[in-house]
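Next comes final06.pdb, with PDB, C-alpha atoms.
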```
MODEL        1
ATOM      1  CA  MET A   1       8.318  14.985 -35.055
ATOM      2  CA  ALA A   2       4.662  14.047 -34.806
ATOM      3  CA  ALA A   3       4.321  11.435 -32.100
ATOM      4  CA  ASP A   4       0.969   9.988 -33.006
ATOM      5  CA  ASP A   5       0.360  10.531 -36.717
ATOM      6  CA  HIS A   6       2.162   8.324 -39.231
ATOM      7  CA  PHE A   7       1.555  10.717 -42.113
ATOM      8  CA  ALA A   8       2.767  13.784 -40.213
ATOM      9  CA  LEU A   9       5.834  11.865 -39.058
ATOM     10  CA  PHE A  10       6.874  11.544 -42.712
ATOM     11  CA  GLY A  11       5.485  14.879 -43.916
ATOM     12  CA  LEU A  12       2.907  13.232 -46.177
ATOM     13  CA  PRO A  13      -0.746  14.075 -46.788
ATOM     14  CA  ALA A  14      -3.159  11.788 -44.947
ATOM     15  CA  ARG A  15      -4.486   9.995 -48.027
ATOM     16  CA  PHE A  16      -4.820   6.428 -49.216
ATOM     17  CA  ASP A  17      -3.105   7.199 -52.507
ATOM     18  CA  ILE A  18       0.445   8.116 -51.572
ATOM     19  CA  ASP A  19       3.697   8.230 -53.474
ATOM     20  CA  ALA A  20       5.606   5.115 -52.387
ATOM     21  CA  SER A  21       8.987   6.586 -53.317
ATOM     22  CA  ARG A  22       8.270   9.735 -51.267
ATOM     23  CA  LEU A  23       7.261   7.554 -48.338
ATOM     24  CA  GLU A  24      10.465   5.520 -48.555
ATOM     25  CA  GLN A  25      12.615   8.617 -48.882
ATOM     26  CA  ALA A  26      10.892  10.257 -45.895
ATOM     27  CA  TRP A  27      11.279   7.078 -43.840
ATOM     28  CA  ARG A  28      15.003   6.910 -44.651
ATOM     29  CA  THR A  29      15.419  10.528 -43.576
ATOM     30  CA  VAL A  30      13.579  10.017 -40.286
ATOM     31  CA  ALA A  31      15.296   6.680 -39.642
ATOM     32  CA  ALA A  32      18.708   8.281 -40.155
ATOM     33  CA  GLN A  33      17.846  11.061 -37.689
ATOM     34  CA  VAL A  34      16.744   8.711 -34.928
ATOM     35  CA  HIS A  35      18.898   5.656 -35.559
ATOM     36  CA  PRO A  36      20.183   4.360 -32.203
ATOM     37  CA  ASP A  37      23.766   4.172 -33.524
ATOM     38  CA  ARG A  38      23.822   7.970 -33.716
ATOM     39  CA  TYR A  39      23.250   8.010 -29.958
ATOM     40  CA  ALA A  40      25.806   5.389 -28.955
ATOM     41  CA  THR A  41      27.702   7.859 -26.752
ATOM     42  CA  ALA A  42      24.591   9.632 -25.467
ATOM     43  CA  SER A  43      23.070   9.183 -22.047
ATOM     44  CA  PRO A  44      20.978   6.056 -21.387
ATOM     45  CA  ALA A  45      17.811   8.174 -21.469
ATOM     46  CA  GLU A  46      18.711   9.679 -24.846
ATOM     47  CA  ARG A  47      19.552   6.226 -26.234
ATOM     48  CA  ARG A  48      16.215   4.899 -25.001
ATOM     49  CA  VAL A  49      14.319   7.783 -26.630
ATOM     50  CA  ALA A  50      16.203   7.251 -29.894
ATOM     51  CA  MET A  51      15.335   3.559 -29.822
ATOM     52  CA  GLN A  52      11.669   4.378 -29.198
ATOM     53  CA  TRP A  53      11.599   6.858 -32.094
ATOM     54  CA  SER A  54      13.347   4.380 -34.348
ATOM     55  CA  ALA A  55      10.799   1.678 -33.521
ATOM     56  CA  ARG A  56       7.980   4.198 -34.026
ATOM     57  CA  ALA A  57       9.314   5.244 -37.437
ATOM     58  CA  ASN A  58       9.715   1.629 -38.536
ATOM     59  CA  GLU A  59       6.173   0.721 -37.446
ATOM     60  CA  ALA A  60       4.701   3.778 -39.156
ATOM     61  CA  TYR A  61       6.578   2.917 -42.358
ATOM     62  CA  ARG A  62       5.415  -0.713 -42.200
ATOM     63  CA  GLN A  63       1.792   0.391 -41.907
ATOM     64  CA  LEU A  64       1.899   3.064 -44.576
ATOM     65  CA  ARG A  65       3.759   1.079 -47.240
ATOM     66  CA  ASP A  66       1.153  -1.726 -47.244
ATOM     67  CA  PRO A  67      -2.049  -0.447 -48.915
ATOM     68  CA  LEU A  68      -4.341  -2.633 -46.808
ATOM     69  CA  LEU A  69      -2.702  -1.599 -43.525
ATOM     70  CA  ARG A  70      -2.710   2.030 -44.687
ATOM     71  CA  ALA A  71      -6.461   1.813 -45.391
ATOM     72  CA  ARG A  72      -7.088   0.319 -41.958
ATOM     73  CA  TYR A  73      -4.999   3.071 -40.358
ATOM     74  CA  LEU A  74      -6.933   5.788 -42.201
ATOM     75  CA  CYS A  75     -10.240   4.336 -41.006
ATOM     76  CA  GLU A  76      -8.998   4.121 -37.426
ATOM     77  CA  ARG A  77      -7.723   7.701 -37.692
ATOM     78  CA  ALA A  78     -11.221   8.726 -38.796
ATOM     79  CA  GLY A  79     -12.692   7.029 -35.725
ATOM     80  CA  VAL A  80     -14.105   4.021 -37.584
ATOM     81  CA  ASP A  81     -13.644   0.707 -35.810
ATOM     82  CA  LEU A  82     -13.299  -2.037 -38.423
ATOM     83  CA  GLN A  83     -14.651  -4.586 -35.952
ATOM     84  CA  THR A  84     -12.630  -7.282 -37.688
ATOM     85  CA  GLU A  85     -13.317  -9.816 -34.948
ATOM     86  CA  SER A  86     -17.022  -9.206 -34.498
ATOM     87  CA  ASN A  87     -18.474  -7.716 -37.702
ATOM     88  CA  THR A  88     -18.779 -10.369 -40.389
ATOM     89  CA  SER A  89     -21.554  -8.711 -42.378
ATOM     90  CA  MET A  90     -20.703  -8.450 -46.057
ATOM     91  CA  ASP A  91     -22.424  -7.881 -49.344
ATOM     92  CA  THR A  92     -24.457 -10.930 -50.453
ATOM     93  CA  ASP A  93     -22.663 -11.132 -53.803
ATOM     94  CA  PHE A  94     -19.312 -11.087 -52.037
ATOM     95  CA  LEU A  95     -20.450 -13.843 -49.664
ATOM     96  CA  MET A  96     -21.467 -15.990 -52.628
ATOM     97  CA  GLN A  97     -18.113 -15.341 -54.281
ATOM     98  CA  GLN A  98     -16.382 -16.162 -51.009
ATOM     99  CA  MET A  99     -18.103 -19.558 -50.884
ATOM    100  CA  ALA A 100     -17.139 -20.300 -54.498
ATOM    101  CA  TRP A 101     -13.508 -19.409 -53.765
ATOM    102  CA  ARG A 102     -13.526 -21.638 -50.669
ATOM    103  CA  GLU A 103     -14.785 -24.564 -52.743
ATOM    104  CA  MET A 104     -12.119 -23.906 -55.376
ATOM    105  CA  LEU A 105      -9.437 -23.784 -52.699
ATOM    106  CA  ASP A 106     -10.640 -27.079 -51.211
ATOM    107  CA  ASP A 107     -10.460 -28.708 -54.651
ATOM    108  CA  ILE A 108      -7.004 -27.252 -55.250
ATOM    109  CA  ARG A 109      -5.764 -28.620 -51.929
ATOM    110  CA  GLU A 110      -7.053 -32.065 -52.881
ATOM    111  CA  GLN A 111      -5.140 -31.797 -56.180
ATOM    112  CA  GLY A 112      -1.838 -30.925 -54.521
ATOM    113  CA  GLY A 113      -2.065 -27.135 -54.630
ATOM    114  CA  THR A 114      -1.008 -26.514 -58.221
ATOM    115  CA  GLY A 115      -2.416 -26.645 -61.722
ATOM    116  CA  PRO A 116      -4.845 -24.663 -63.852
ATOM    117  CA  ALA A 117      -7.441 -24.343 -61.067
ATOM    118  CA  ALA A 118      -4.830 -22.771 -58.783
ATOM    119  CA  ASP A 119      -3.832 -20.362 -61.551
ATOM    120  CA  THR A 120      -7.474 -19.438 -62.118
ATOM    121  CA  LEU A 121      -8.116 -18.821 -58.433
ATOM    122  CA  ARG A 122      -4.907 -16.799 -58.095
ATOM    123  CA  ALA A 123      -5.962 -14.606 -61.033
ATOM    124  CA  GLN A 124      -9.447 -14.103 -59.566
ATOM    125  CA  LEU A 125      -8.049 -13.165 -56.168
ATOM    126  CA  ASP A 126      -5.514 -10.781 -57.713
ATOM    127  CA  ALA A 127      -8.288  -9.085 -59.709
ATOM    128  CA  ALA A 128     -10.534  -8.868 -56.642
ATOM    129  CA  GLU A 129      -7.731  -7.331 -54.595
ATOM    130  CA  ALA A 130      -7.036  -4.753 -57.317
ATOM    131  CA  ASP A 131     -10.745  -3.870 -57.503
ATOM    132  CA  LEU A 132     -11.011  -3.554 -53.730
ATOM    133  CA  ARG A 133      -7.894  -1.402 -53.602
ATOM    134  CA  ARG A 134      -9.389   0.978 -56.186
ATOM    135  CA  SER A 135     -12.739   1.041 -54.401
ATOM    136  CA  VAL A 136     -11.196   1.713 -50.991
ATOM    137  CA  GLY A 137      -9.042   4.464 -52.474
ATOM    138  CA  GLU A 138     -12.072   6.165 -53.970
ATOM    139  CA  LEU A 139     -14.071   5.820 -50.760
ATOM    140  CA  LEU A 140     -11.289   7.228 -48.590
ATOM    141  CA  ASP A 141      -9.744   9.896 -50.825
ATOM    142  CA  ASP A 142     -12.577  11.018 -53.100
ATOM    143  CA  GLN A 143     -15.719  10.427 -51.032
ATOM    144  CA  ASP A 144     -14.297  10.758 -47.503
ATOM    145  CA  ASP A 145     -16.415   7.725 -46.536
ATOM    146  CA  ALA A 146     -14.448   5.712 -43.991
ATOM    147  CA  VAL A 147     -17.551   3.790 -42.875
ATOM    148  CA  SER A 148     -18.156   2.325 -46.345
ATOM    149  CA  ALA A 149     -14.423   1.831 -46.797
ATOM    150  CA  ALA A 150     -14.373  -0.280 -43.623
ATOM    151  CA  THR A 151     -16.760  -2.789 -45.214
ATOM    152  CA  LYS A 152     -14.576  -3.026 -48.317
ATOM    153  CA  ILE A 153     -11.465  -3.345 -46.153
ATOM    154  CA  ARG A 154     -12.958  -6.371 -44.378
ATOM    155  CA  GLU A 155     -13.603  -7.917 -47.790
ATOM    156  CA  TRP A 156     -10.044  -7.071 -48.829
ATOM    157  CA  MET A 157      -8.729  -8.742 -45.687
ATOM    158  CA  PHE A 158     -10.611 -11.905 -46.632
ATOM    159  CA  VAL A 159      -9.201 -11.833 -50.178
ATOM    160  CA  ARG A 160      -5.671 -11.374 -48.880
ATOM    161  CA  LYS A 161      -6.104 -14.225 -46.394
ATOM    162  CA  MET A 162      -7.464 -16.425 -49.171
ATOM    163  CA  SER A 163      -4.430 -15.583 -51.325
ATOM    164  CA  GLN A 164      -2.140 -16.547 -48.462
ATOM    165  CA  GLU A 165      -3.988 -19.855 -48.022
ATOM    166  CA  LEU A 166      -3.654 -20.544 -51.743
ATOM    167  CA  ALA A 167       0.088 -19.870 -51.550
ATOM    168  CA  LEU A 168       0.364 -22.279 -48.614
ATOM    169  CA  ALA A 169      -1.549 -24.937 -50.537
ATOM    170  CA  ALA A 170       1.109 -24.810 -53.263
ATOM    171  CA  ASP A 171       3.971 -25.346 -50.767
TER     172      ASP A 171
ENDMDL
END
```

Could you show the structure in this file as structure tokens?
Amino acid sequence: MAADDHFALFGLPARFDIDASRLEQAWRTVAAQVHPDRYATASPAERRVAMQWSARANEAYRQLRDPLLRARYLCERAGVDLQTESNTSMDTDFLMQQMAWREMLDDIREQGGTGPAADTLRAQLDAAEADLRRSVGELLDDQDDAVSAATKIREWMFVRKMSQELALAAD
């Protein structure tokens, strides 16, 4: 088994666009092979290795099944640091949209977190996430441009965080 490559671990091509059912099937196969219960009567060292492989398989599956985490992983694999903590530069149009969404979210919070404004914002965020997902896929798979994809991934991370904040506002 490939120790350091999530895609190789599951026998999948290293692409953004992957077959989710193939990923799940491959994960189940690997998980069954390394499940700690299969090593219950093995030596302590063998049990420890099985537990490590099981944790590794689960983490790889978690990252690859989420499109945003998969995109981040592909960029990191390509040697591109997303600089999520330090690089806040974004397209001017996106920054303007970000400010408008923030204002909408503030208004929604003041109104109790529900209603037509919340529905409108949710629809806008869903559409933005779908657009970013398509864009990142094209940049990674078709154009082999992890640097440009990193910028879009940072935007996608903001949209996802905004969606989570909107969901919390409704609770």

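Closest approach to Ala169 in chain A from the set A:Arg109, A:Asp141, A:Arg154, A:Ala146 is made by A:Arg109, with distances taken over all atoms listed in the file.
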
At what distance in Å, to one decimal, does CA of Gln63 in chain A lie from CA of Thr29 in chain A?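 Distance between the two atoms: 17.1 Å.
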
Across A:Ala150, A:Leu105, A:Met157, A:Ala118, the smallest distance to Asp81 in chain A, with only C-alpha atoms counted, is shown by A:Ala150

Quick one: everything within 10 Å of range 91-96 of chain A, counting only C-alpha atoms, minus sequence neighbours fewer than 5 positions away in the same chain. Send it as a VMD selection string. chain A and resid 101 to 102 151 to 152 155

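Distance-wise, CA of Gln97 in chain A and CA of Arg70 in chain A end up 25.1 Å apart.
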
Could you tell me how far CA of Ala32 in chain A sits from CA of Arg65 in chain A, in Å to one decimal place?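 Calculated distance between CA of Arg65 in chain A and CA of Ala32 in chain A is 18.0 Å.
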
When distances are computed from only C-alpha atoms, which of A:Val147, A:Ala8, A:Leu168, A:Val136 shows the smallest separation from Leu82 in chain A? A:Val147

Kindly resolve the PyMOL selection byres ((chain A and resi 10) around 12) on the present coordinates and return the residues as a PyMOL selection string. chain A and resi 1-9+11-14+18-31+56-58+60-61+64-65

Select from range 50-169 of chain A every residue with an atom at most 8 Å from any atom of range 35-46 of chain A, then for each give the shortest pair of atoms and their distance in Å to one decimal, using all atoms listed in the file, rows by chain and rising number, as JSON lines.
```
{"residue": "A:Ala50", "atom": "CA", "partner": "A:Pro36", "partner_atom": "CA", "distance": 5.4}
{"residue": "A:Met51", "atom": "CA", "partner": "A:Pro36", "partner_atom": "CA", "distance": 5.5}
{"residue": "A:Ser54", "atom": "CA", "partner": "A:His35", "partner_atom": "CA", "distance": 5.8}
```

Next, write the just-selected residues to a file, as a PDB file, in the frame of the given file, keeping C-alpha atoms as the atom set.
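As a result, out06.pdb now contains:
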```pdb
ATOM      1  CA  ALA A  50      16.203   7.251 -29.894  1.00  0.00           C
ATOM      2  CA  MET A  51      15.335   3.559 -29.822  1.00  0.00           C
ATOM      3  CA  SER A  54      13.347   4.380 -34.348  1.00  0.00           C
TER       4      SER A  54
END
```

Using only C-alpha atoms, determine which residues lie at most 12 Å from Gly113 in chain A, disregarding the query and same-chain residues fewer than 2 positions distant; provide the list as a ChimeraX atom specification. /A:104-111,115-119,121-122,165-171

Between A:Trp156, A:Asp145, A:Ser163, A:Leu125, smallest distance to Gly79 in chain A by all atoms listed in the file belongs to A:Asp145

Compare A:Arg47, A:Asp131, A:Trp53, A:Glu59 by their minimum atom-to-atom distance to Gln33 in chain A, counting only C-alpha atoms, and give me the closest one.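 Among A:Arg47, A:Asp131, A:Trp53, A:Glu59, it is A:Trp53 that comes nearest to Gln33 in chain A.
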
From the options A:Ile153, A:Val159, A:Met99, A:Ser135, which residue's atoms come nearest to Ala123 in chain A, counting all atoms listed in the file? A:Val159

Any chance you could resolve the PyMOL selection byres ((chain A and resi 134) around 12) against this file and give the residues as an MDAnalysis selection string? chainID A and resid 16:17 67:68 71 127:133 135:142 149 152:153 156
